[in-house]
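Participant: There's a structure below that I have some questions on.
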Number of protein chains: 2
Amino acid sequence: MAARKTAKTAEKKTTRKKSAVASNVTARNAEMDKLTVELIREAAKRVHQDISKHSKPDLSFPVRSLGNVSYAGSKGYFEIGRQKKVRTLTVNTVKSFAQTLRMMGLSKELVENNDFATKRDAYYQSKNWEEARFDEQTESDTVMDDIEALFSVRSVSREQLRFVPDEHGGAVAGRLVVLDPDRETGVVERIDCTRFGSGAYSIPSTVEQLSFETDAKFILAIETGGVFQRLQSHKYWQTANCILVSMAGVPTRSTRRFIRKLSDDCELPVYAFVDCDPYGISNIYRTLKVGSGNAAHLSQFFCVPQARYLGVTPQDIVDFKLQDATHPLQEVDKKRALDALKNDPFFQSHKEWKQAMELLLKMGIRAEQQAFAAYDLNYVIREYLPRKLKDPKTFLP
Amino acid sequence: MAARKTAKTAEKKTTRKKSAVASNVTARNAEMDKLTVELIREAAKRVHQDISKHSKPDLSFPVRSLGNVSYAGSKGYFEIGRQKKVRTLTVNTVKSFAQTLRMMGLSKELVENNDFATKRDAYYQSKNWEEARFDEQTESDTVMDDIEALFSVRSVSREQLRFVPDEHGGAVAGRLVVLDPDRETGVVERIDCTRFGSGAYSIPSTVEQLSFETDAKFILAIETGGVFQRLQSHKYWQTANCILVSMAGVPTRSTRRFIRKLSDDCELPVYAFVDCDPYGISNIYRTLKVGSGNAAHLSQFFCVPQARYLGVTPQDIVDFKLQDATHPLQEVDKKRALDALKNDPFFQSHKEWKQAMELLLKMGIRAEQQAFAAYDLNYVIREYLPRKLKDPKTFLP
């Protein structure tokens with residue numbers, strides 16, 4: 001009975017925190033769609049006018065490279081700079097110019113038909129574009145990335161252009177109801193994430209249409225499928241009153257966007273629980289929180305600046321006496337840590353991280369999040385997480 | 001309204017095909033648990049008796065290698081042979097002997113507590129085992145694989161030993177209700193896979209406790225997340241009356257086991273929809289259907305011998321005029337295809353596959369499942385799948 005009762009209780013309490021009601025989300029999305037189509041029309045119109053006036057049309061895109069990135073402390077994520085590259089229509093650029101316009105045309109069609117395309121779909125679609133067809137997917141990917149960067153300046157994301165990732169989303173379980181309107185009928189499906197048994201809710205490629213109801217206190221973003229399954233099978237979300245998200249390594253775009261949107265809409269803190277090694281810290285956590293350098297045009301949509309690092313921290317290795325369950329740092333780990341300290345604006349701007357990384361290097365060891373199994377398999381549920389959660393102020397920034 | 005109505009209709013109809021009722025599954029699992037514990041006790045008792053008699057105890061394991069594998073045409077999967085390796089307790093083997101017994105002891109505890117451990121969990125657990133602790137996870141993995149092979153001879157799988165994979169399961173959507181009893185209370189959760197909006201059901205690491213209700217006609221196992229999302233967002237399962245499973249590349253253990261169990265329990269055919277290239281055919285499809293050579297001790301639980309290959313077939317490239325949307329075969333593709341023809345008992349025993357592979361090599365091209373987007377994004381839904389499904393007899397074996 002317990003499980004059913006909890007599910008019901010969760011449903012009753014969910015009036016407390018919820019994002020905009022589903023119909024408002026649908027209305028907001030319809031507006032966003034209108035804006036997207038307008039922006040595409042506007043860009044096309046400029047080109048058309050230039051041609052009518054017998055002058056050479058051009059399109060200008062933000063430069064997508066580490067050199068054109070800044071870390072906006074106040075915003076909390078990597079931001080793309082003001083450098084632009086201009087593509088002018090000439091004999092040499094006529095093909096890529098035409099391809100860019102066709103790709104924008106495809107996006108307009110997709111928005112109007114409420115459909116979507118993956119990068120690969122878009123590549124194959126171009127096989128219809130006669131002279132403008134792409135020969136390789138790398139070419140169509142580059143054009144799509146350019147268009148994404150172009151529209152990101154107007155706060156329109158790739159998902160709003162209806163270009164969606166091919167990759168799998170993460171898994172979710174816990175005190176959350178996801179509201180998802182049907183593509184065709186608009187009827188809203190209520191998906192109760194307390195009701196998946198030992199399974200979970202698999203995040204779709206695009207999450208813009210979703211809204212949420214929850215009475216959870218926080219989101220726990222977990223690195224490994226193993227720990228996620230343990231917390232889910234033992235219904236940890238029930239005792240801790242939270243939402244579990246499995247990132248399965250570096251989180252995919254849709255997983256990051258889902259966490260960000262859920263956290264924004266329901267004002268929930270996000271705590272990351274990853275391995276204590278330079279990969280867990282500087283690749284997984286850093287990507288989740290501030291984005292990655294060479295895709296800074298995405299950060300405004302995809303990073304989760306409100307995320308905090310629950311653990312495993314280097315200090316946890318000492319406090320929880322994990323030394324016997326650690327591994328020595330490999331050369332690649334050391335290189336990654338030194339690189340973060342030397343070159344990464346995120347680590348440089350937080351002295352707590354500087355100290356933590358230095359402690360890790362000094363100890364010369366790393367600890368996985370499953371290392372607590374050295375005590376017993378459920379130590380992480382019984383002891384580690386409760387002790388840490390008592391004082392979120394000690395989490396790393 | 002349509003979506004809700006359909007969901008309701010689906011629920012009404014689900015009396016048609018269902019696996020054993022949940023309570024029976026729970027009873028069957030309890031019996032299996034009893035058997036597992038008995039087998040572990042039995043093995044330990046033999047060792048204990050030998051020692052009491054002052055003779056050297058030993059444990060004998062099936063040899064896990066390609067040389068000890070046969071392809072049983074009638075059973076439809078790779079089977080492990082009769083070669084054994086014997087581990088006798090001597091001064092030199094005392095540590096690994098003790099580790100094997102401790103690992104079996106851990107399994108017994110897990111079964112008794114209805115808990116589970118991943119490979120990594122088990123490695124860390126051993127840090128408690130004093131002299132018997134493992135120094136590297138590769139060592140504990142090998143011991144676990146040995147135990148798995150040992151018990152597979154008695155038809156007990158690793159999941160029944162409560163050692164579960166760390167990896168992510170696949171995603172599922174469509175006309176299926178999954179019944180999952182709560183670990184602690186036994187209360188059964190009904191998970192309706194028609195009710196996930198654009199999202200999906202994420203398969204748990206272990207699926208032995210699940211039972212099913214469905215009125216679907218078949219299971220469609222899909223290679224890419226992109227095609228899965230397209231079919232799911234357009235509710236293809238509704239028109240085609242089926243269950244969609246996203247494999248996301250080579251399917252994980254739990255995805256394979258889920259498909260196998262669902263197909264067995266509900267007598268549903270399984271159709272695979274993958275890229276037409278040697279990787280899609282000989283790695284993804286072949287692994288799904290007959291297992292892999294170096295893990296033949298798993299095949300009896302994990303392969304899906306009833307699976308058939310819907311497409312994309314080499315002949316489809318011709319029939320659907322996909323030539324313009326293909327890529328040339330790379331050297332690695334050719335090597336893989338020739339290798340399958342020359343060395344793989346599965347391909348050798350099916351002349352349809354031999355012919356198909358030869359046609360592919362002759363054409364020198366490969367086609368991805370998203371290639372149909374060259375016509376239009378939903379051609380796959382409107383034209384390709386319906387045309388193929390009219391005649392499942394033409395599917396490859």
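Labels for the structure tokens follow display order: chains A, B, ..., residues from 1 in each chain, ligands from 1.
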When you look at Ile259 (chain A) with a cut-off of 9 Å (counting only C-alpha atoms), what residues show up, excluding the ones that are within fewer than 6 positions of it in the same chain? I need them as a list of chain:residue names.
Facilitator: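 The neighbour list is A:Ile219, A:Ala221, A:Val245, A:Val270, A:Phe302, A:Cys303, A:Val304.
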Participant: Could those selected residues go to a file with C-alpha atoms, as a PDB file, in the first residue's frame?
Facilitator:
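Printed below is selection.pdb as written:
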```pdb
ATOM      1  CA  ILE A 219      16.786  17.959  -8.145  1.00  0.00           C
ATOM      2  CA  ALA A 221      21.567  15.023 -10.966  1.00  0.00           C
ATOM      3  CA  VAL A 245      17.883  12.571 -12.880  1.00  0.00           C
ATOM      4  CA  VAL A 270      19.998  21.438  -8.519  1.00  0.00           C
ATOM      5  CA  PHE A 302      21.418  24.576 -21.865  1.00  0.00           C
ATOM      6  CA  CYS A 303      23.574  25.329 -18.884  1.00  0.00           C
ATOM      7  CA  VAL A 304      22.260  25.115 -15.344  1.00  0.00           C
TER       8      VAL A 304
END
```
Participant: List every residue of chain A that has an atom at most 7 Å from any atom of chain B, giving for each one its closest atom pair and the distance in Å to one decimal, counting only C-alpha atoms, sorted by chain and then by ascending residue number, as a Markdown table.
Facilitator:
```
| residue | atom | partner | partner_atom | distance |
| --- | --- | --- | --- | --- |
| A:Met1 | CA | B:Val187 | CA | 6.1 |
| A:Ala2 | CA | B:Thr185 | CA | 6.8 |
| A:Ala3 | CA | B:Val187 | CA | 6.9 |
| A:Thr118 | CA | B:Gly226 | CA | 6.4 |
| A:Arg120 | CA | B:Gln370 | CA | 7.0 |
| A:Asp121 | CA | B:Ala373 | CA | 5.7 |
| A:Tyr124 | CA | B:Ala374 | CA | 4.6 |
| A:Gln125 | CA | B:Ala374 | CA | 4.5 |
| A:Ser126 | CA | B:Ala374 | CA | 6.9 |
| A:Lys127 | CA | B:Ala374 | CA | 5.4 |
| A:Asn128 | CA | B:Ala374 | CA | 6.2 |
| A:Asp166 | CA | B:Gly226 | CA | 4.6 |
| A:Glu167 | CA | B:Gly225 | CA | 5.7 |
| A:His168 | CA | B:Gly225 | CA | 5.7 |
| A:Ala171 | CA | B:Ser202 | CA | 6.5 |
| A:Asp180 | CA | B:Gly197 | CA | 5.5 |
| A:Pro181 | CA | B:Gly197 | CA | 6.9 |
| A:Asp182 | CA | B:Gly197 | CA | 6.3 |
| A:Thr185 | CA | B:Met1 | CA | 6.8 |
| A:Val187 | CA | B:Met1 | CA | 6.1 |
| A:Glu189 | CA | B:Gly197 | CA | 5.8 |
| A:Ile191 | CA | B:Phe196 | CA | 6.1 |
| A:Arg195 | CA | B:Glu189 | CA | 6.5 |
| A:Phe196 | CA | B:Ile191 | CA | 6.2 |
| A:Gly197 | CA | B:Asp180 | CA | 5.5 |
| A:Ser198 | CA | B:Pro204 | CA | 5.8 |
| A:Gly199 | CA | B:Pro204 | CA | 4.4 |
| A:Ala200 | CA | B:Ser202 | CA | 4.9 |
| A:Tyr201 | CA | B:Tyr201 | CA | 5.2 |
| A:Ser202 | CA | B:Ala200 | CA | 4.9 |
| A:Ile203 | CA | B:Gly199 | CA | 5.4 |
| A:Pro204 | CA | B:Gly199 | CA | 4.5 |
| A:Gly225 | CA | B:Asp166 | CA | 5.5 |
| A:Gly226 | CA | B:Asp166 | CA | 4.6 |
| A:Ala325 | CA | B:Tyr124 | CA | 6.6 |
| A:Gln370 | CA | B:Asp121 | CA | 6.1 |
| A:Ala371 | CA | B:Tyr124 | CA | 5.8 |
| A:Ala373 | CA | B:Gln125 | CA | 5.4 |
| A:Ala374 | CA | B:Gln125 | CA | 4.5 |
| A:Tyr375 | CA | B:Gln125 | CA | 7.0 |
| A:Asp376 | CA | B:Gln125 | CA | 6.6 |
| A:Leu377 | CA | B:Asp121 | CA | 6.9 |
```
Participant: Distance CA of Glu213 (chain B)-CA of Val177 (chain B), one decimal place?
Facilitator: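 Taking CA of Glu213 (chain B) as the start and CA of Val177 (chain B) as the end point, the length is 5.1 Å.
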Participant: Would you list, as a ChimeraX atom specification, the residues of region 106-333 of chain B that end up in helix (DSSP H, G or I) under DSSP run on this structure's backbone?
Facilitator: /B:106-113,119-128,130-132,137-152,225-233,236-240,253-266,278-290,293-302,314-319,323-325,331-333
Participant: Can you list, as a PyMOL selection string, all residues belonging to region 61-241 of chain B that DSSP tags as strand (DSSP E)?
Facilitator: chain B and resi 61-62+69-72+77-80+84-88+117-118+163-164+171-174+177-181+188-192+200-202+211-214+218-222
